[in-house]
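> Just start09.txt, nothing more (compact mmCIF, C-alpha atoms):
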```
# COMPACT_ATOMS: atom_id res chain seq x y z
CA MET A 1079 19.30 26.92 34.95
CA GLY A 1080 19.81 27.76 31.32
CA ALA A 1081 17.13 25.53 29.95
CA THR A 1082 15.99 26.52 26.50
CA ARG A 1083 12.31 26.61 25.86
CA LEU A 1084 11.17 24.40 23.03
CA GLU A 1085 8.02 24.86 21.05
CA PRO A 1086 5.78 21.81 21.47
CA ALA A 1087 4.89 21.89 17.79
CA THR A 1088 8.50 21.80 16.63
CA MET A 1089 9.33 19.13 19.17
CA LEU A 1090 6.51 17.01 17.88
CA ALA A 1091 7.58 17.59 14.31
CA GLU A 1092 11.14 16.57 15.14
CA LEU A 1093 9.89 13.48 16.93
CA GLN A 1094 7.82 12.50 13.95
CA GLU A 1095 10.76 13.18 11.68
CA SER A 1096 12.99 10.79 13.59
CA LYS A 1097 10.31 8.26 14.45
CA PRO A 1098 7.77 7.93 11.66
CA ASP A 1099 4.49 6.19 12.37
CA ARG A 1100 4.83 2.48 11.94
CA VAL A 1101 2.26 0.26 10.35
CA THR A 1102 2.32 -3.53 10.42
CA ILE A 1103 -0.03 -5.70 8.41
CA VAL A 1104 -0.28 -9.46 8.85
CA VAL A 1105 -1.54 -10.97 5.61
CA LEU A 1106 -2.88 -14.41 6.50
CA SER A 1107 -5.57 -14.53 3.86
CA GLY A 1108 -4.95 -15.41 0.26
CA ASP A 1109 -8.29 -14.02 -0.86
CA PHE A 1110 -8.14 -11.56 -3.73
CA ASP A 1111 -10.32 -8.94 -2.04
CA ARG A 1112 -8.60 -9.10 1.34
CA VAL A 1113 -5.12 -8.93 -0.18
CA MET A 1114 -6.29 -6.00 -2.28
CA ALA A 1115 -7.38 -4.16 0.88
CA ALA A 1116 -4.07 -4.97 2.57
CA PHE A 1117 -2.07 -3.49 -0.30
CA ILE A 1118 -4.27 -0.40 -0.59
CA ILE A 1119 -3.71 0.34 3.10
CA ALA A 1120 0.01 -0.45 2.80
CA THR A 1121 0.61 1.77 -0.22
CA GLY A 1122 -1.60 4.52 1.18
CA ALA A 1123 0.29 4.50 4.49
CA ALA A 1124 3.66 4.49 2.72
CA ALA A 1125 2.54 7.43 0.60
CA MET A 1126 1.71 9.27 3.83
CA GLY A 1127 5.27 8.82 4.98
CA MET A 1128 4.65 5.93 7.36
CA GLN A 1129 7.00 3.00 7.71
CA VAL A 1130 5.15 -0.12 6.60
CA THR A 1131 5.94 -3.80 7.13
CA MET A 1132 3.83 -6.62 5.73
CA PHE A 1133 4.07 -10.12 7.20
CA PHE A 1134 2.91 -12.89 4.92
CA THR A 1135 1.80 -16.15 6.49
CA PHE A 1136 -0.37 -19.15 5.58
CA TRP A 1137 -2.42 -18.43 2.44
CA GLY A 1138 -0.97 -14.95 2.32
CA LEU A 1139 2.33 -16.51 1.26
CA ASN A 1140 0.77 -17.11 -2.16
CA VAL A 1141 0.97 -13.34 -2.72
CA ILE A 1142 4.76 -13.34 -2.59
CA ARG A 1143 5.28 -16.67 -4.36
CA ARG A 1144 6.22 -16.68 -8.02
CA GLU A 1145 3.38 -17.00 -10.50
CA GLY A 1146 2.38 -20.66 -10.74
CA ALA A 1147 5.04 -21.77 -8.25
CA THR A 1148 4.57 -25.26 -6.86
CA SER A 1149 6.42 -26.60 -3.85
CA GLY A 1150 10.19 -26.87 -3.83
CA ALA A 1151 10.01 -29.38 -0.97
CA LYS A 1152 11.44 -32.88 -1.23
CA ASP A 1153 8.71 -34.99 0.41
CA TRP A 1154 5.64 -36.10 -1.59
CA LEU A 1155 3.03 -34.73 0.85
CA ARG A 1156 4.27 -31.14 0.64
CA ARG A 1157 4.90 -31.49 -3.07
CA MET A 1158 1.31 -32.53 -3.60
CA PHE A 1159 0.12 -29.68 -1.40
CA GLY A 1160 2.23 -27.25 -3.37
CA TRP A 1161 0.71 -28.58 -6.58
CA LEU A 1162 -2.82 -28.05 -5.24
CA ASN A 1163 -1.94 -24.62 -3.84
CA LYS A 1164 0.00 -22.86 -6.56
CA GLY A 1165 1.46 -19.43 -5.91
CA GLY A 1166 1.17 -16.06 -7.62
CA THR A 1167 -1.14 -13.08 -7.42
CA GLY A 1168 -3.00 -14.09 -10.58
CA ARG A 1169 -4.53 -17.13 -8.90
CA LEU A 1170 -6.00 -15.55 -5.78
CA PRO A 1171 -9.74 -16.28 -5.49
CA LEU A 1172 -12.39 -13.82 -4.35
CA SER A 1173 -13.65 -14.60 -0.84
CA ARG A 1174 -17.19 -14.58 -2.24
CA PHE A 1175 -18.55 -15.17 -5.73
CA HIS A 1176 -15.38 -16.85 -6.99
CA PHE A 1177 -17.52 -19.39 -8.96
CA GLY A 1178 -14.55 -21.45 -10.07
CA GLY A 1179 -12.74 -18.36 -11.32
CA LEU A 1180 -15.58 -16.83 -13.35
CA GLY A 1181 -16.61 -14.34 -10.67
CA THR A 1182 -13.02 -13.36 -9.98
CA ASN A 1183 -12.33 -12.78 -13.67
CA LEU A 1184 -15.41 -10.58 -13.96
CA MET A 1185 -14.23 -8.59 -10.95
CA LYS A 1186 -10.81 -8.13 -12.56
CA ARG A 1187 -12.47 -6.90 -15.75
CA VAL A 1188 -14.52 -4.34 -13.83
CA MET A 1189 -11.38 -3.20 -12.04
CA ARG A 1190 -9.54 -2.72 -15.32
CA GLN A 1191 -12.45 -0.67 -16.65
CA ASN A 1192 -12.15 1.52 -13.56
CA ARG A 1193 -8.39 1.83 -14.09
CA MET A 1194 -7.75 0.16 -10.75
CA PRO A 1195 -4.30 -1.40 -10.44
CA ASP A 1196 -4.25 -5.19 -10.06
CA ILE A 1197 -2.57 -6.91 -7.13
CA ALA A 1198 0.74 -7.43 -8.93
CA GLU A 1199 0.88 -3.70 -9.73
CA LEU A 1200 -0.05 -2.77 -6.16
CA ARG A 1201 2.68 -5.09 -4.90
CA GLU A 1202 5.14 -3.35 -7.21
CA THR A 1203 3.98 0.08 -6.05
CA ALA A 1204 4.36 -1.04 -2.44
CA ARG A 1205 7.95 -2.08 -3.10
CA ASP A 1206 8.67 1.24 -4.85
CA LEU A 1207 7.37 3.11 -1.81
CA GLY A 1208 9.64 1.13 0.50
CA VAL A 1209 7.13 -1.27 2.08
CA ARG A 1210 9.02 -4.18 3.66
CA PHE A 1211 7.92 -7.74 2.95
CA ILE A 1212 8.54 -10.47 5.51
CA ALA A 1213 7.70 -14.13 4.96
CA CYS A 1214 6.80 -16.35 7.92
CA THR A 1215 9.19 -19.30 8.12
CA THR A 1216 6.91 -21.58 10.15
CA THR A 1217 4.13 -21.64 7.61
CA MET A 1218 6.65 -21.79 4.77
CA GLY A 1219 7.93 -25.02 6.28
CA MET A 1220 4.43 -26.37 6.89
CA MET A 1221 3.21 -25.64 3.42
CA GLY A 1222 6.39 -26.64 1.64
CA VAL A 1223 7.11 -23.14 0.34
CA THR A 1224 10.83 -22.82 -0.28
CA LYS A 1225 12.85 -19.62 -0.48
CA ASP A 1226 13.66 -20.04 -4.16
CA THR A 1227 9.95 -20.05 -5.08
CA LEU A 1228 9.39 -16.59 -3.56
CA ILE A 1229 9.50 -13.38 -5.60
CA GLU A 1230 12.54 -11.10 -5.58
CA GLY A 1231 12.52 -8.45 -2.92
CA VAL A 1232 11.24 -10.35 0.09
CA ASP A 1233 13.27 -8.57 2.74
CA GLN A 1234 13.35 -11.18 5.46
CA LEU A 1235 12.29 -14.64 6.47
CA ALA A 1236 11.26 -14.40 10.09
CA GLY A 1237 8.96 -15.46 12.88
CA VAL A 1238 6.65 -14.16 15.56
CA SER A 1239 9.32 -12.31 17.56
CA THR A 1240 10.22 -10.18 14.59
CA TYR A 1241 6.56 -9.39 14.08
CA LEU A 1242 6.01 -8.49 17.73
CA ALA A 1243 9.16 -6.37 17.91
CA GLU A 1244 7.77 -4.33 15.01
CA ALA A 1245 4.15 -4.37 16.13
CA ARG A 1246 4.84 -3.03 19.63
CA GLN A 1247 6.19 0.11 18.00
CA GLY A 1248 3.37 0.27 15.50
CA SER A 1249 0.51 2.72 15.80
CA VAL A 1250 -1.51 0.77 13.23
CA ASN A 1251 -1.36 -3.03 13.38
CA LEU A 1252 -3.71 -4.94 11.14
CA PHE A 1253 -4.50 -8.62 10.73
CA ILE A 1254 -6.03 -9.48 7.41
CA MET B 1113 -8.63 30.68 -8.81
CA ILE B 1114 -5.59 29.35 -7.01
CA GLN B 1115 -2.31 29.54 -8.93
CA SER B 1116 -0.27 26.39 -9.30
CA ASP B 1117 3.20 25.60 -10.64
CA VAL B 1118 2.77 21.96 -11.56
CA LYS B 1119 -0.34 20.05 -12.57
CA LEU B 1120 -1.00 16.37 -11.90
CA ASP B 1121 -3.81 14.60 -13.76
CA THR B 1122 -5.32 11.69 -11.83
CA LEU B 1123 -8.65 11.61 -13.66
CA GLY B 1124 -10.17 8.13 -13.72
CA TYR B 1125 -8.06 6.85 -10.85
CA PHE B 1126 -9.51 5.69 -7.57
CA CYS B 1127 -8.06 5.58 -4.09
CA PRO B 1128 -5.21 5.05 -3.33
CA MET B 1129 -3.76 6.05 -6.71
CA PRO B 1130 -4.26 9.87 -6.50
CA ILE B 1131 -2.45 9.97 -3.14
CA ILE B 1132 0.36 7.69 -4.32
CA MET B 1133 0.79 9.74 -7.49
CA THR B 1134 0.82 12.92 -5.40
CA SER B 1135 3.46 11.57 -3.02
CA LYS B 1136 5.68 10.70 -5.97
CA LYS B 1137 5.09 13.96 -7.85
CA ILE B 1138 5.70 16.24 -4.88
CA LYS B 1139 9.31 15.02 -4.78
CA GLU B 1140 9.93 16.66 -8.17
CA LEU B 1141 8.86 20.09 -6.95
CA THR B 1142 11.03 22.66 -5.23
CA LEU B 1143 10.15 24.18 -1.85
CA GLY B 1144 7.26 26.60 -2.01
CA GLN B 1145 5.91 25.39 -5.32
CA VAL B 1146 2.23 24.49 -5.54
CA LEU B 1147 1.03 21.21 -6.99
CA GLU B 1148 -2.44 21.02 -8.48
CA VAL B 1149 -3.95 17.55 -8.30
CA VAL B 1150 -6.92 17.07 -10.61
CA SER B 1151 -9.19 14.17 -9.69
CA ASP B 1152 -12.73 12.90 -10.16
CA ASP B 1153 -12.62 10.73 -7.05
CA GLU B 1154 -14.73 12.42 -4.40
CA GLY B 1155 -12.62 10.80 -1.68
CA ILE B 1156 -9.87 13.30 -2.42
CA LYS B 1157 -11.82 16.01 -0.59
CA LYS B 1158 -10.99 14.27 2.70
CA ASP B 1159 -7.93 12.29 1.69
CA MET B 1160 -5.75 15.16 0.50
CA PRO B 1161 -6.08 17.25 3.69
CA ALA B 1162 -5.36 14.07 5.70
CA TRP B 1163 -2.32 13.33 3.56
CA CYS B 1164 -1.09 16.91 4.03
CA GLN B 1165 -1.60 16.77 7.78
CA THR B 1166 0.42 13.57 8.04
CA THR B 1167 3.22 14.49 5.65
CA GLY B 1168 3.49 18.13 6.72
CA HIS B 1169 2.82 19.71 3.34
CA GLU B 1170 0.42 22.62 3.19
CA MET B 1171 -3.09 22.21 1.86
CA VAL B 1172 -3.67 25.49 0.05
CA GLY B 1173 -7.21 24.82 -1.06
CA LEU B 1174 -9.67 22.76 -3.00
CA GLU B 1175 -11.78 23.71 -5.99
CA GLU B 1176 -14.82 21.85 -7.21
CA GLU B 1177 -16.04 22.05 -10.79
CA SER B 1178 -18.76 20.49 -12.87
CA GLU B 1179 -17.75 19.26 -16.28
CA ASN B 1180 -20.30 17.45 -18.48
CA ALA B 1181 -22.32 16.47 -15.38
CA LYS B 1182 -19.12 15.08 -13.88
CA ARG B 1183 -17.58 16.48 -10.75
CA ILE B 1184 -13.91 17.43 -10.93
CA TYR B 1185 -11.85 18.23 -7.87
CA LYS B 1186 -8.69 20.29 -7.86
CA ALA B 1187 -6.57 20.03 -4.76
CA PHE B 1188 -3.72 22.49 -4.28
CA VAL B 1189 -0.76 21.39 -2.21
CA LYS B 1190 2.24 23.55 -1.38
CA LYS B 1191 5.52 21.74 -0.90
CA THR B 1192 6.81 22.84 2.50
CA LYS B 1193 9.50 20.27 3.24
```
Could you take the file, read its structure, and then write that structure out as structure tokens?

Amino acid sequence: MGATRLEPATMLAELQESKPDRVTIVVLSGDFDRVMAAFIIATGAAAMGMQVTMFFTFWGLNVIRREGATSGAKDWLRRMFGWLNKGGTGRLPLSRFHFGGLGTNLMKRVMRQNRMPDIAELRETARDLGVRFIACTTTMGMMGVTKDTLIEGVDQLAGVSTYLAEARQGSVNLFI
Amino acid sequence: MIQSDVKLDTLGYFCPMPIIMTSKKIKELTLGQVLEVVSDDEGIKKDMPAWCQTTGHEMVGLEEESENAKRIYKAFVKKTK
């Protein structure tokens, strides 16, 4: 048999080359701090050469809605809900010490002083690094979020099967 | 002293910015060149070797300096792919 011997190290390197580590992050929360953590992990992983997909559902949808977007739905119930739950990264509350916006604004000021990027910038960086954004259609329907009120660059509208198909190949799957 | 070809200033930036800036900058280098990443975020001591291990670039070394009671870290990364 003329089998050629392969170095395990090179084989592994080739395998990693063809199949990069996959990371999936479900962003259910619309809290400022949690979303921040999600984007830091996403951008960090992308910078390390991993393939990252973020699924936005429930309150997490607010992250990929246009700033100040209300509902584009036709019925009054969803419209009212959309009016109470406006979109955009600028409106996300801290999970603790929000204090009607005061605490969150103070946190943003401290972050600026520390030259930390805000969520909109992190979202932009994530897109630059090739992180894929997927919006969950079920919760979009429930919450009256229409496609035209989402930001540019949402790669797909999809459901749980798409998530699971990605997640089963993922070595890091997070739910935030 | 480790010699470097290109210098990247990330002073004042916290995680994950130094790593993201590094991953963008390394693309501008040619094979074999050494990138010097200057940072004051202590996390870089662990993060840069981890980044190198994952991306396959070579971690040449790390220097630590004190400047006006502030710690400065210089990470040297050789572009290998």
> Return as a list in words the residues belonging to chain B that are within 7 Å of chain A, counting all atoms listed in the file.
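So the residues of chain B near chain A are Gly1124, Tyr1125, Phe1126, Pro1128, Ile1131, Ile1132, Ser1135, Trp1163, Thr1166 and Thr1167 of chain B.
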> Mind listing as a PDB file with C-alpha atoms, in the coordinates of the input all residues within 10 Å of (2.0, 5.1, 17.7), counting all atoms listed in the file?

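Result file is result18.pdb:
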```pdb
ATOM      1  CA  LYS A1097      10.310   8.260  14.450  1.00  0.00           C
ATOM      2  CA  PRO A1098       7.770   7.930  11.660  1.00  0.00           C
ATOM      3  CA  ASP A1099       4.490   6.190  12.370  1.00  0.00           C
ATOM      4  CA  ARG A1100       4.830   2.480  11.940  1.00  0.00           C
ATOM      5  CA  VAL A1101       2.260   0.260  10.350  1.00  0.00           C
ATOM      6  CA  ALA A1245       4.150  -4.370  16.130  1.00  0.00           C
ATOM      7  CA  ARG A1246       4.840  -3.030  19.630  1.00  0.00           C
ATOM      8  CA  GLN A1247       6.190   0.110  18.000  1.00  0.00           C
ATOM      9  CA  GLY A1248       3.370   0.270  15.500  1.00  0.00           C
ATOM     10  CA  SER A1249       0.510   2.720  15.800  1.00  0.00           C
ATOM     11  CA  VAL A1250      -1.510   0.770  13.230  1.00  0.00           C
ATOM     12  CA  ASN A1251      -1.360  -3.030  13.380  1.00  0.00           C
TER      13      ASN A1251
END
```
> For CA of His1176 in chain A and CA of Phe1110 in chain A, quote the distance in Å rounded to one decimal.
9.5 Å
> One number please: CA of Leu1106 in chain A to CA of Lys1136 in chain B, in Å, one decimal.
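The value is 29.3 Å.
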> Could you name the residues that touch Ile1254 in chain A at 10 Å or less, counting all atoms listed in the file, but leaving out those on the same chain fewer than 3 positions away, as a list in words?
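Residues meeting the cut-off are Ile1103, Val1104, Val1105, Leu1106, Ser1107, Gly1108, Asp1109, Arg1112, Val1113, Ala1115, Ala1116, Phe1134, Gly1138 and Asn1251 of chain A.
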> Taking all listed atoms of range 1171-1177 of chain A, build the axis-aligned box, pad each of the six sides by 3 Å, then write its centre and edge lengths in Å to one decimal as lines of an AutoDock Vina configuration file.

```
center_x = -14.1
center_y = -16.6
center_z = -4.9
size_x = 14.8
size_y = 11.6
size_z = 14.1
```
> Got a sec to check which residues sit within 12 Å of (7.5, -15.0, 16.6), counting only C-alpha atoms, and write them as a PyMOL selection string?
chain A and resi 1133+1135+1213-1217+1235-1245
> Could you tell me how far CA of Glu1230 in chain A lies from CA of Val1130 in chain A, in Å and to one decimal?
18.0 Å
> As a list in words, please: the residues near Lys1119 in chain B (cut-off 9 Å, only C-alpha atoms, same-chain neighbours under 5 positions excluded).
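Here the answer would be Val1146, Leu1147, Glu1148, Val1149 and Val1150 of chain B.
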> Please provide the set of residues having any atom within 9 Å of range 1155-1157 of chain A, restricted to all atoms listed in the file, with same-chain residues fewer than 5 positions apart removed, written as a list in words.
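Everything that qualifies: Thr1148, Ser1149, Gly1150, Leu1162, Met1220, Met1221, Gly1222 and Val1223 of chain A.
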> With all atoms listed in the file as the counted atoms, please give the residues lying no more than 8 Å from range 1154-1159 of chain B, apart from itself and same-chain residues fewer than 5 positions off, as a PyMOL selection string.
chain B and resi 1127+1130-1131+1174+1185+1187
> Just the residues within 9 Å of Arg1210 in chain A, please, counting only C-alpha atoms, with nothing from its chain fewer than 4 positions along; format it as a list in words.
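Near neighbours after the sequence-gap exclusion: Gln1129, Val1130, Thr1131, Met1132, Phe1133, Ala1204, Arg1205, Gly1231, Val1232, Asp1233 and Gln1234 of chain A.
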> What would range 1148-1177 of chain B look like with N, CA and C atoms restored, written as a compact mmCIF listing (two decimals), in the frame of the given file?

```
# COMPACT_ATOMS: atom_id res chain seq x y z
N GLU B 1148 -0.99 21.10 -8.28
CA GLU B 1148 -2.44 21.02 -8.48
C GLU B 1148 -2.79 19.59 -8.87
N VAL B 1149 -3.56 18.93 -8.03
CA VAL B 1149 -3.95 17.55 -8.30
C VAL B 1149 -5.40 17.54 -8.80
N VAL B 1150 -5.58 17.11 -10.03
CA VAL B 1150 -6.92 17.07 -10.61
C VAL B 1150 -7.45 15.65 -10.51
N SER B 1151 -8.65 15.50 -9.92
CA SER B 1151 -9.19 14.17 -9.69
C SER B 1151 -10.71 14.17 -9.85
N ASP B 1152 -11.27 13.01 -10.17
CA ASP B 1152 -12.73 12.90 -10.16
C ASP B 1152 -13.19 11.92 -9.08
N ASP B 1153 -12.27 11.58 -8.19
CA ASP B 1153 -12.62 10.73 -7.05
C ASP B 1153 -12.99 11.62 -5.87
N GLU B 1154 -14.24 11.52 -5.45
CA GLU B 1154 -14.73 12.42 -4.40
C GLU B 1154 -13.94 12.26 -3.09
N GLY B 1155 -13.38 11.07 -2.90
CA GLY B 1155 -12.62 10.80 -1.68
C GLY B 1155 -11.47 11.77 -1.45
N ILE B 1156 -11.03 12.41 -2.52
CA ILE B 1156 -9.87 13.30 -2.42
C ILE B 1156 -10.15 14.51 -1.54
N LYS B 1157 -11.44 14.87 -1.42
CA LYS B 1157 -11.82 16.01 -0.59
C LYS B 1157 -11.35 15.81 0.86
N LYS B 1158 -11.43 14.59 1.32
CA LYS B 1158 -10.99 14.27 2.70
C LYS B 1158 -9.57 13.74 2.72
N ASP B 1159 -9.22 12.98 1.68
CA ASP B 1159 -7.93 12.29 1.69
C ASP B 1159 -6.75 13.24 1.55
N MET B 1160 -6.90 14.27 0.72
CA MET B 1160 -5.75 15.16 0.50
C MET B 1160 -5.41 15.98 1.75
N PRO B 1161 -6.43 16.57 2.44
CA PRO B 1161 -6.08 17.25 3.69
C PRO B 1161 -5.44 16.29 4.71
N ALA B 1162 -5.93 15.05 4.76
CA ALA B 1162 -5.36 14.07 5.70
C ALA B 1162 -3.92 13.74 5.33
N TRP B 1163 -3.68 13.62 4.02
CA TRP B 1163 -2.32 13.33 3.56
C TRP B 1163 -1.39 14.50 3.93
N CYS B 1164 -1.88 15.73 3.72
CA CYS B 1164 -1.09 16.91 4.03
C CYS B 1164 -0.78 16.99 5.53
N GLN B 1165 -1.78 16.70 6.33
CA GLN B 1165 -1.60 16.77 7.78
C GLN B 1165 -0.53 15.78 8.24
N THR B 1166 -0.53 14.60 7.63
CA THR B 1166 0.42 13.57 8.04
C THR B 1166 1.82 13.84 7.51
N THR B 1167 1.90 14.31 6.25
CA THR B 1167 3.22 14.49 5.65
C THR B 1167 3.82 15.86 5.94
N GLY B 1168 2.99 16.81 6.37
CA GLY B 1168 3.49 18.13 6.72
C GLY B 1168 3.48 19.13 5.57
N HIS B 1169 2.96 18.75 4.42
CA HIS B 1169 2.82 19.71 3.34
C HIS B 1169 1.57 20.57 3.59
N GLU B 1170 1.51 21.70 2.91
CA GLU B 1170 0.42 22.62 3.19
C GLU B 1170 -0.71 22.47 2.19
N MET B 1171 -1.91 22.29 2.71
CA MET B 1171 -3.09 22.21 1.86
C MET B 1171 -3.54 23.64 1.59
N VAL B 1172 -3.37 24.09 0.36
CA VAL B 1172 -3.67 25.49 0.05
C VAL B 1172 -5.18 25.67 -0.17
N GLY B 1173 -5.78 24.71 -0.83
CA GLY B 1173 -7.21 24.82 -1.06
C GLY B 1173 -7.73 23.75 -1.97
N LEU B 1174 -9.05 23.75 -2.14
CA LEU B 1174 -9.67 22.76 -3.00
C LEU B 1174 -10.77 23.42 -3.83
N GLU B 1175 -10.75 23.16 -5.12
CA GLU B 1175 -11.78 23.71 -5.99
C GLU B 1175 -12.61 22.57 -6.56
N GLU B 1176 -13.91 22.86 -6.71
CA GLU B 1176 -14.82 21.85 -7.21
C GLU B 1176 -15.46 22.39 -8.48
N GLU B 1177 -15.44 21.60 -9.53
CA GLU B 1177 -16.04 22.05 -10.79
C GLU B 1177 -16.95 20.99 -11.37
```
